[in-house]
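Asks: work.csv (CSV, C-alpha atoms and all ligand atoms) pasted underneath:
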```csv
chain,number,residue,atom,x,y,z
A,1,MET,CA,0.0,0.0,0.0
A,2,SER,CA,1.2,3.5,-0.6
A,3,ILE,CA,0.2,7.0,0.5
A,4,GLN,CA,0.3,10.3,-1.3
A,5,ILE,CA,3.1,12.6,0.0
A,6,VAL,CA,2.6,16.2,-0.7
A,7,LYS,CA,5.5,18.7,-0.1
A,8,SER,CA,4.2,21.8,-1.8
A,9,ILE,CA,1.8,24.2,-0.1
A,10,ARG,CA,0.2,25.2,-3.4
A,11,GLU,CA,-0.3,21.6,-4.4
A,12,MET,CA,-1.8,20.7,-1.0
A,13,GLN,CA,-4.2,23.7,-1.2
A,14,ASP,CA,-5.3,22.7,-4.7
A,15,ILE,CA,-5.9,19.1,-3.7
A,16,ALA,CA,-7.9,20.2,-0.6
A,17,GLU,CA,-9.9,22.7,-2.7
A,18,ARG,CA,-10.8,20.0,-5.2
A,19,PHE,CA,-12.0,17.7,-2.4
A,20,ARG,CA,-14.1,20.5,-1.0
A,21,CYS,CA,-15.7,21.2,-4.5
A,22,GLU,CA,-16.6,17.5,-4.7
A,23,GLY,CA,-18.4,17.9,-1.3
A,24,LYS,CA,-15.9,15.7,0.5
A,25,ILE,CA,-15.3,16.1,4.3
A,26,ILE,CA,-11.6,16.7,5.1
A,27,ALA,CA,-10.0,15.9,8.4
A,28,VAL,CA,-6.5,16.9,9.4
A,29,VAL,CA,-4.2,15.5,12.0
A,30,PRO,CA,-1.3,17.8,12.6
A,31,THR,CA,1.9,16.0,13.9
A,32,MET,CA,5.6,16.4,14.1
A,33,GLY,CA,6.1,12.9,12.9
A,34,TYR,CA,7.8,9.9,14.6
A,35,LEU,CA,4.3,8.6,14.7
A,36,HIS,CA,3.3,6.2,17.5
A,37,GLN,CA,0.0,4.6,18.5
A,38,GLY,CA,-1.2,7.8,20.1
A,39,HIS,CA,-0.9,9.5,16.6
A,40,ALA,CA,-2.5,6.4,15.0
A,41,SER,CA,-5.5,6.8,17.4
A,42,LEU,CA,-5.9,10.4,16.2
A,43,ILE,CA,-5.8,9.3,12.6
A,44,LYS,CA,-8.3,6.5,13.2
A,45,ILE,CA,-10.7,9.0,14.9
A,46,ALA,CA,-10.3,11.4,11.9
A,47,ARG,CA,-11.1,8.4,9.6
A,48,LEU,CA,-14.4,7.9,11.4
A,49,HIS,CA,-15.5,11.5,10.7
A,50,ALA,CA,-14.2,12.3,7.2
A,51,ASP,CA,-13.9,11.2,3.6
A,52,VAL,CA,-10.3,12.4,3.3
A,53,VAL,CA,-7.8,12.2,6.1
A,54,ILE,CA,-4.6,14.3,5.8
A,55,THR,CA,-1.9,14.0,8.4
A,56,THR,CA,0.8,16.7,8.4
A,57,ILE,CA,4.4,15.9,9.4
A,58,PHE,CA,6.4,18.9,10.1
A,59,VAL,CA,9.0,19.4,12.9
A,60,ASN,CA,8.1,23.0,13.4
A,61,PRO,CA,11.3,25.0,14.3
A,62,THR,CA,9.4,28.0,15.7
A,63,GLN,CA,8.0,26.1,18.6
A,64,PHE,CA,11.4,25.0,19.9
A,65,ALA,CA,13.6,27.4,22.0
A,66,PRO,CA,17.3,27.5,21.0
A,67,ASN,CA,18.2,25.2,24.0
A,68,GLU,CA,15.6,22.6,23.1
A,69,ASP,CA,15.7,19.4,21.0
A,70,TYR,CA,14.7,20.7,17.5
A,71,LYS,CA,17.8,19.3,15.8
A,72,SER,CA,17.7,15.9,17.6
A,73,TYR,CA,13.9,15.5,17.5
A,74,PRO,CA,13.4,12.0,16.1
A,75,ARG,CA,12.5,11.8,12.4
A,76,ASP,CA,11.6,8.7,10.3
A,77,LEU,CA,9.4,9.2,7.3
A,78,ASP,CA,9.4,5.5,6.2
A,79,HIS,CA,8.1,4.4,9.6
A,80,ASP,CA,5.6,7.3,9.6
A,81,LYS,CA,4.2,6.2,6.3
A,82,THR,CA,3.5,2.8,7.6
A,83,VAL,CA,1.8,4.0,10.7
A,84,ALA,CA,-0.2,6.6,8.7
A,85,ILE,CA,-1.3,4.0,6.1
A,86,ASP,CA,-2.2,1.4,8.8
A,87,ALA,CA,-4.3,4.0,10.7
A,88,GLY,CA,-6.2,5.0,7.5
A,89,ALA,CA,-4.6,8.3,6.4
A,90,ASP,CA,-4.9,9.2,2.7
A,91,ILE,CA,-2.3,12.0,2.4
A,92,ILE,CA,0.8,13.1,4.2
A,93,PHE,CA,1.6,16.8,4.0
A,94,PHE,CA,5.4,16.9,4.5
A,95,PRO,CA,6.8,20.3,3.7
A,96,ASP,CA,10.4,21.5,4.1
A,97,VAL,CA,11.1,24.3,6.6
A,98,SER,CA,11.8,26.7,3.7
A,99,GLU,CA,8.4,25.9,2.2
A,100,MET,CA,6.6,26.8,5.4
A,101,TYR,CA,8.8,29.8,6.4
A,102,SER,CA,10.0,32.1,3.7
A,103,LYS,CA,12.9,34.5,4.5
A,104,GLU,CA,10.4,37.3,4.8
A,105,PHE,CA,8.0,35.4,7.2
A,106,SER,CA,7.1,37.7,10.1
A,107,SER,CA,3.5,37.0,11.2
A,108,ILE,CA,2.5,35.5,14.5
A,109,VAL,CA,-0.8,34.1,15.9
A,110,GLU,CA,-0.8,34.4,19.7
A,111,VAL,CA,-3.3,33.5,22.4
A,112,GLU,CA,-2.9,35.7,25.5
A,113,GLY,CA,-3.4,34.4,29.0
A,114,ALA,CA,-3.6,30.6,28.6
A,115,SER,CA,-0.4,30.4,26.6
A,116,LYS,CA,1.7,32.1,29.3
A,117,ILE,CA,1.1,29.6,32.2
A,118,LEU,CA,2.4,26.1,32.8
A,119,GLU,CA,4.1,25.0,29.6
A,120,GLY,CA,4.2,28.7,28.6
A,121,SER,CA,6.1,29.8,31.7
A,122,PHE,CA,8.8,27.2,31.0
A,123,ARG,CA,8.7,27.6,27.2
A,124,PRO,CA,7.8,31.2,26.7
A,125,THR,CA,7.7,31.2,22.9
A,126,HIS,CA,6.4,27.7,22.4
A,127,PHE,CA,2.7,28.3,22.0
A,128,GLN,CA,3.2,31.2,19.6
A,129,GLY,CA,5.1,28.8,17.4
A,130,VAL,CA,2.3,26.2,17.7
A,131,THR,CA,-0.6,28.5,17.0
A,132,THR,CA,1.1,30.1,14.1
A,133,VAL,CA,2.0,26.8,12.4
A,134,VAL,CA,-1.5,25.3,13.2
A,135,ALA,CA,-3.1,28.4,11.6
A,136,LYS,CA,-0.9,27.8,8.5
A,137,ILE,CA,-1.7,24.1,8.5
A,138,PHE,CA,-5.5,24.9,8.6
A,139,HIS,CA,-5.2,27.4,5.7
A,140,ILE,CA,-3.1,24.9,3.7
A,141,THR,CA,-5.2,21.7,4.3
A,142,LYS,CA,-8.6,23.4,4.4
A,143,PRO,CA,-10.1,20.9,6.8
A,144,HIS,CA,-13.7,20.7,8.2
A,145,ILE,CA,-12.3,18.7,11.2
A,146,ALA,CA,-9.0,18.6,13.0
A,147,VAL,CA,-8.0,16.1,15.6
A,148,PHE,CA,-5.6,16.8,18.5
A,149,GLY,CA,-4.5,14.8,21.5
A,150,GLN,CA,-5.5,15.4,25.1
A,151,LYS,CA,-1.9,14.5,26.0
A,152,ASP,CA,-1.0,18.1,25.1
A,153,ALA,CA,-4.0,19.5,27.1
A,154,GLN,CA,-2.9,23.1,27.1
A,155,GLN,CA,-2.2,23.0,23.3
A,156,ALA,CA,-5.6,21.5,22.8
A,157,PHE,CA,-7.2,24.4,24.7
A,158,ILE,CA,-5.2,27.0,22.9
A,159,VAL,CA,-6.0,25.5,19.5
A,160,GLN,CA,-9.7,25.5,20.3
A,161,LYS,CA,-9.3,29.2,21.4
A,162,ILE,CA,-7.8,30.3,18.0
A,163,VAL,CA,-10.5,28.4,16.1
A,164,LYS,CA,-13.2,30.2,18.1
A,165,ASP,CA,-11.6,33.6,18.3
A,166,LEU,CA,-10.5,33.7,14.7
A,167,ASN,CA,-13.6,32.0,13.3
A,168,PHE,CA,-11.7,29.2,11.5
A,169,GLY,CA,-15.0,27.3,11.2
A,170,ILE,CA,-13.3,23.9,11.9
A,171,LYS,CA,-14.6,21.3,14.3
A,172,ILE,CA,-11.9,20.3,16.8
A,173,ILE,CA,-11.9,16.8,18.2
A,174,ILE,CA,-9.8,16.1,21.3
A,175,ALA,CA,-8.8,12.5,21.5
A,176,PRO,CA,-8.0,10.7,24.8
A,177,ILE,CA,-4.4,10.0,25.9
A,178,VAL,CA,-3.0,6.6,24.8
A,179,ARG,CA,-0.9,4.9,27.4
A,180,GLU,CA,1.5,1.9,27.5
A,181,GLU,CA,0.1,-1.0,29.5
A,182,ASP,CA,2.1,0.1,32.5
A,183,GLY,CA,0.5,3.6,32.3
A,184,LEU,CA,3.3,5.7,30.6
A,185,ALA,CA,1.6,8.2,28.2
A,186,LEU,CA,2.8,7.6,24.6
A,187,SER,CA,5.2,10.4,23.4
A,188,SER,CA,7.7,10.6,20.6
A,189,ARG,CA,10.2,11.8,23.3
A,190,ASN,CA,9.9,8.5,25.3
A,191,ILE,CA,12.6,7.2,23.0
A,192,TYR,CA,15.1,9.5,24.8
A,193,LEU,CA,14.5,7.6,28.1
A,194,ASN,CA,17.1,5.0,29.2
A,195,ASP,CA,15.8,1.8,30.9
A,196,THR,CA,16.0,3.2,34.4
A,197,ASP,CA,14.3,6.5,33.6
A,198,ARG,CA,11.6,4.7,31.5
A,199,LYS,CA,10.7,2.6,34.7
A,200,ASN,CA,11.0,5.6,37.0
A,201,ALA,CA,8.7,7.7,34.7
A,202,LEU,CA,5.8,5.5,35.8
A,203,VAL,CA,5.6,7.7,38.9
A,204,LEU,CA,3.9,10.3,36.7
A,205,TYR,CA,0.7,8.3,36.1
A,206,ARG,CA,0.9,6.9,39.6
A,207,SER,CA,0.8,10.5,41.0
A,208,LEU,CA,-2.1,11.4,38.7
A,209,GLN,CA,-4.0,8.4,39.9
A,210,TYR,CA,-3.3,9.3,43.5
A,211,ALA,CA,-4.7,12.8,42.8
A,212,ALA,CA,-7.8,11.3,41.2
A,213,LYS,CA,-8.4,9.1,44.2
A,214,ARG,CA,-8.0,11.9,46.7
A,215,ILE,CA,-10.3,14.2,44.7
A,216,GLN,CA,-12.9,11.5,44.4
A,217,GLU,CA,-12.7,10.9,48.1
A,218,GLY,CA,-13.6,14.6,48.6
A,219,ALA,CA,-10.3,16.5,48.9
A,220,ARG,CA,-10.7,20.0,47.5
A,221,ASN,CA,-7.6,21.9,48.6
A,222,VAL,CA,-4.8,21.4,46.1
A,223,THR,CA,-1.9,22.1,48.4
A,224,ASP,CA,-2.0,18.8,50.3
A,225,ILE,CA,-2.6,16.8,47.1
A,226,ARG,CA,0.4,18.5,45.4
A,227,ILE,CA,2.7,17.7,48.3
A,228,GLU,CA,1.9,14.0,48.2
A,229,MET,CA,2.1,13.9,44.4
A,230,GLU,CA,5.6,15.5,44.7
A,231,LYS,CA,6.6,12.8,47.1
A,232,ILE,CA,5.4,10.1,44.7
A,233,ILE,CA,7.2,11.7,41.8
A,234,LYS,CA,10.5,12.2,43.7
A,235,GLY,CA,10.4,8.4,44.4
A,236,GLY,CA,11.2,8.1,40.6
A,237,ASN,CA,14.4,10.2,40.9
A,238,PRO,CA,13.4,13.0,38.5
A,239,SER,CA,16.1,15.6,37.6
A,240,GLN,CA,13.4,18.3,38.0
A,241,ILE,CA,9.7,18.8,38.6
A,242,ASP,CA,8.7,21.8,36.4
A,243,TYR,CA,5.1,21.9,37.7
A,244,ILE,CA,2.2,20.1,39.1
A,245,ALA,CA,-0.9,22.1,38.4
A,246,PHE,CA,-4.6,22.0,39.0
A,247,VAL,CA,-6.5,23.7,36.3
A,248,ASN,CA,-10.1,24.6,35.5
A,249,PRO,CA,-10.1,23.2,31.9
A,250,GLU,CA,-13.1,25.4,30.8
A,251,ILE,CA,-11.0,28.6,31.1
A,252,PHE,CA,-7.5,27.1,31.5
A,253,LYS,CA,-6.7,28.9,34.7
A,254,GLU,CA,-5.0,27.3,37.8
A,255,VAL,CA,-7.2,26.8,40.9
A,256,GLU,CA,-6.3,26.4,44.5
A,257,ILE,CA,-9.7,25.0,45.5
A,258,ILE,CA,-11.1,22.3,43.3
A,259,GLU,CA,-14.7,22.9,42.1
A,260,PRO,CA,-17.1,20.7,40.1
A,261,PRO,CA,-17.7,19.6,37.5
A,262,VAL,CA,-14.1,18.8,36.4
A,263,VAL,CA,-10.5,19.5,37.2
A,264,LEU,CA,-7.4,18.9,35.0
A,265,VAL,CA,-4.3,17.8,36.9
A,266,ALA,CA,-1.3,18.5,34.6
A,267,LEU,CA,2.4,18.0,35.2
A,268,ALA,CA,5.8,18.4,33.5
A,269,VAL,CA,8.8,16.5,34.9
A,270,ARG,CA,12.3,15.9,33.7
A,271,PHE,CA,14.1,12.6,33.9
A,272,GLY,CA,17.8,13.2,33.0
A,273,THR,CA,17.4,15.6,30.1
A,274,THR,CA,14.1,14.3,28.9
A,275,ARG,CA,11.1,16.4,29.7
A,276,LEU,CA,7.8,14.6,29.9
A,277,ILE,CA,4.3,16.0,30.3
A,278,ASP,CA,1.1,14.1,31.4
A,279,ASN,CA,-2.3,15.0,32.7
A,280,LEU,CA,-5.6,13.6,33.9
A,281,LEU,CA,-9.1,15.1,33.6
A,282,ILE,CA,-10.9,14.3,36.8
A,283,ARG,CA,-14.7,14.6,36.8
A,284,LEU,CA,-16.0,15.2,40.3
A,285,LYS,CA,-18.6,12.7,41.5
A,301,LIG,O1,1.5,18.5,18.9
A,301,LIG,C1,2.3,18.6,18.0
A,301,LIG,O2,2.9,17.6,17.5
A,301,LIG,C2,2.7,20.0,17.5
A,301,LIG,O3,2.7,20.9,18.5
A,301,LIG,C3,1.7,20.4,16.3
A,301,LIG,C4,0.3,20.6,16.8
A,301,LIG,C5,1.8,19.4,15.2
A,301,LIG,C6,2.2,21.8,15.8
A,301,LIG,O4,3.5,21.7,15.3
```
The structure in this file should be written as structure tokens.
Replies:
Amino acid sequence: MSIQIVKSIREMQDIAERFRCEGKIIAVVPTMGYLHQGHASLIKIARLHADVVITTIFVNPTQFAPNEDYKSYPRDLDHDKTVAIDAGADIIFFPDVSEMYSKEFSSIVEVEGASKILEGSFRPTHFQGVTTVVAKIFHITKPHIAVFGQKDAQQAFIVQKIVKDLNFGIKIIIAPIVREEDGLALSSRNIYLNDTDRKNALVLYRSLQYAAKRIQEGARNVTDIRIEMEKIIKGGNPSQIDYIAFVNPEIFKEVEIIEPPVVLVALAVRFGTTRLIDNLLIRLK
């Protein structure tokens, strides 16, 4: 089996426009490649809702800070083709950096507020890179539907915000986190973990489950829960805990007292030089 690879923006726009004229529903799954079963689940969901499924593979330089892993970010197009085909994608949009960003490029799409906290406070220019490239991807692939993962909960909120604020007219579907059997959330960056850190990283999901249990038992003050989560995570010998946050997911603001109907517990933790994020949406009983 093969899949159509499109590298030119103009060609991708023409293809998308033709499908739209034929009345076909287009879904896009934006990715940075090195596809795993988490990405496959997004493509499978897109497949259920659309006639044409485009996945984009573009390691977007503008969402990485100079000290981050842009250069070493894993890339493997042959592997990605196999995963994309198996999951049911029709087209891979795979542009070069020079195709996406001309020398004169100078526009930015930015969401105030939500993009400055949690991930934004550790990666100040990250979301501006994400929202700008996602806006470009939407204009290039002209989708009716786009699928993003709950794994990047803050990104999911921010993408929904630009779609609403800027009237993109695209339905956004947020797909659940896919985990390994032992609970580790799938991520392209898991490949950086050595065996010891891979085992130690299980404390992340364990700490989230602990939070869920406490909240379901009635705990509402985040301070005590955070202290206990920190103890659990420190048991896995992390090099740094960037944050453990309790967030009202409707408005993406941190809370000190948990209120119904739902709270998002989100964290970012480093093992060695590998930075992992994870989260759990907890619906209050
Ligand atoms: O989630 C990702 O892989 C990226 O942030 C995205 C949405 C493809 C934008 O580069």
Asks: Show me which residues are within 10 Å of ligand LIG 301 (chain A) counting all atoms listed in the file, and format the list as a PyMOL selection string.
Replies: chain A and resi 29-35+39+55-64+126-127+129-137+147-153+155-156+159+187-188
Asks: Rounded to one decimal place, report the atom CA of A:Gly23-atom CA of A:Ser2 distance in Å.
Replies: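 If I compute the distance from atom CA of A:Gly23 to atom CA of A:Ser2, I get 24.3 Å.
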Asks: Could you give me, as a PyMOL selection string, the residues within 9 Å of A:Arg275, counting all atoms listed in the file and dropping anything in the same chain fewer than 4 positions from it?
Replies: chain A and resi 189+240+242+268-271
Asks: If you measure from atom CA of A:Ala201 to atom CA of A:Gly236, what distance in Å do you get, rounded to one decimal?
Replies: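 Taking atom CA of A:Ala201 and atom CA of A:Gly236, their separation equals 6.4 Å.
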Asks: Which value, in Å to one decimal, gives the distance between atom CA of A:Ile172 and atom CA of A:Arg18?
Replies: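 Going from atom CA of A:Ile172 over to atom CA of A:Arg18, I get 22.0 Å.
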Asks: Let me make sure I understand: among A:Asp90, A:Glu230, A:Asp69, A:Asp165, which one has the smallest atom-to-atom distance to A:Ile54 if we use only C-alpha atoms?
Replies: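 Using only C-alpha atoms, A:Ile54 sits closest to A:Asp90.
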Asks: Show me the residues close to (-11.5, 20.3, 41.0) - anything with an atom within 12 Å, counting all atoms listed in the file - and format the list as a ChimeraX atom specification.
Replies: /A:211-212,214-222,225,245-250,253-265,280-285
Asks: Just want the 8 Å neighbourhood of A:Ala50, counted on all atoms listed in the file, with same-chain residues fewer than 4 positions away dropped. Output as a PyMOL selection string.
Replies: chain A and resi 24-27+46+145
Asks: Taking all atoms listed in the file into account, name the residue in A:Asp278, A:Asp182, A:Lys161, A:Asp195 that is nearest to A:Leu208.
Replies: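 Nearest to A:Leu208: A:Asp278.
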Asks: Using only C-alpha atoms - which residues lie no farther than 12 Å from the point (0.8, 2.9, 14.6) in the file's frame? Write them as a PyMOL selection string.
Replies: chain A and resi 33-44+79-89+178+186+188
Asks: Skipping near chain neighbours, those fewer than 6 positions away, what residues fall within 9 Å of stretch 9-15 of chain A using only C-alpha atoms, listed as a PyMOL selection string?
Replies: chain A and resi 93+95+99-100+139-142
Asks: Put a box with edges along x, y and z around all the listed atoms of stretch 230-247 of chain A, pad it by 5 Å on each side, then give me its centre and sizes in Å, one decimal, as lines of an AutoDock Vina configuration file.
Replies:
```
center_x = 4.8
center_y = 15.9
center_z = 41.7
size_x = 32.6
size_y = 25.6
size_z = 20.8
```
Asks: Which residue, A:Glu112, A:Asp78, A:Asp51, A:Glu68, has the smallest gap to A:Glu22 when you use only C-alpha atoms?
Replies: A:Asp51
Asks: Pick from A:Tyr73, A:Lys171, A:Ile277, A:Lys116: nearest to A:Tyr205, with all atoms listed in the file counted?
Replies: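 Checking each of A:Tyr73, A:Lys171, A:Ile277, A:Lys116 against A:Tyr205, counting all atoms listed in the file, the winner is A:Ile277.
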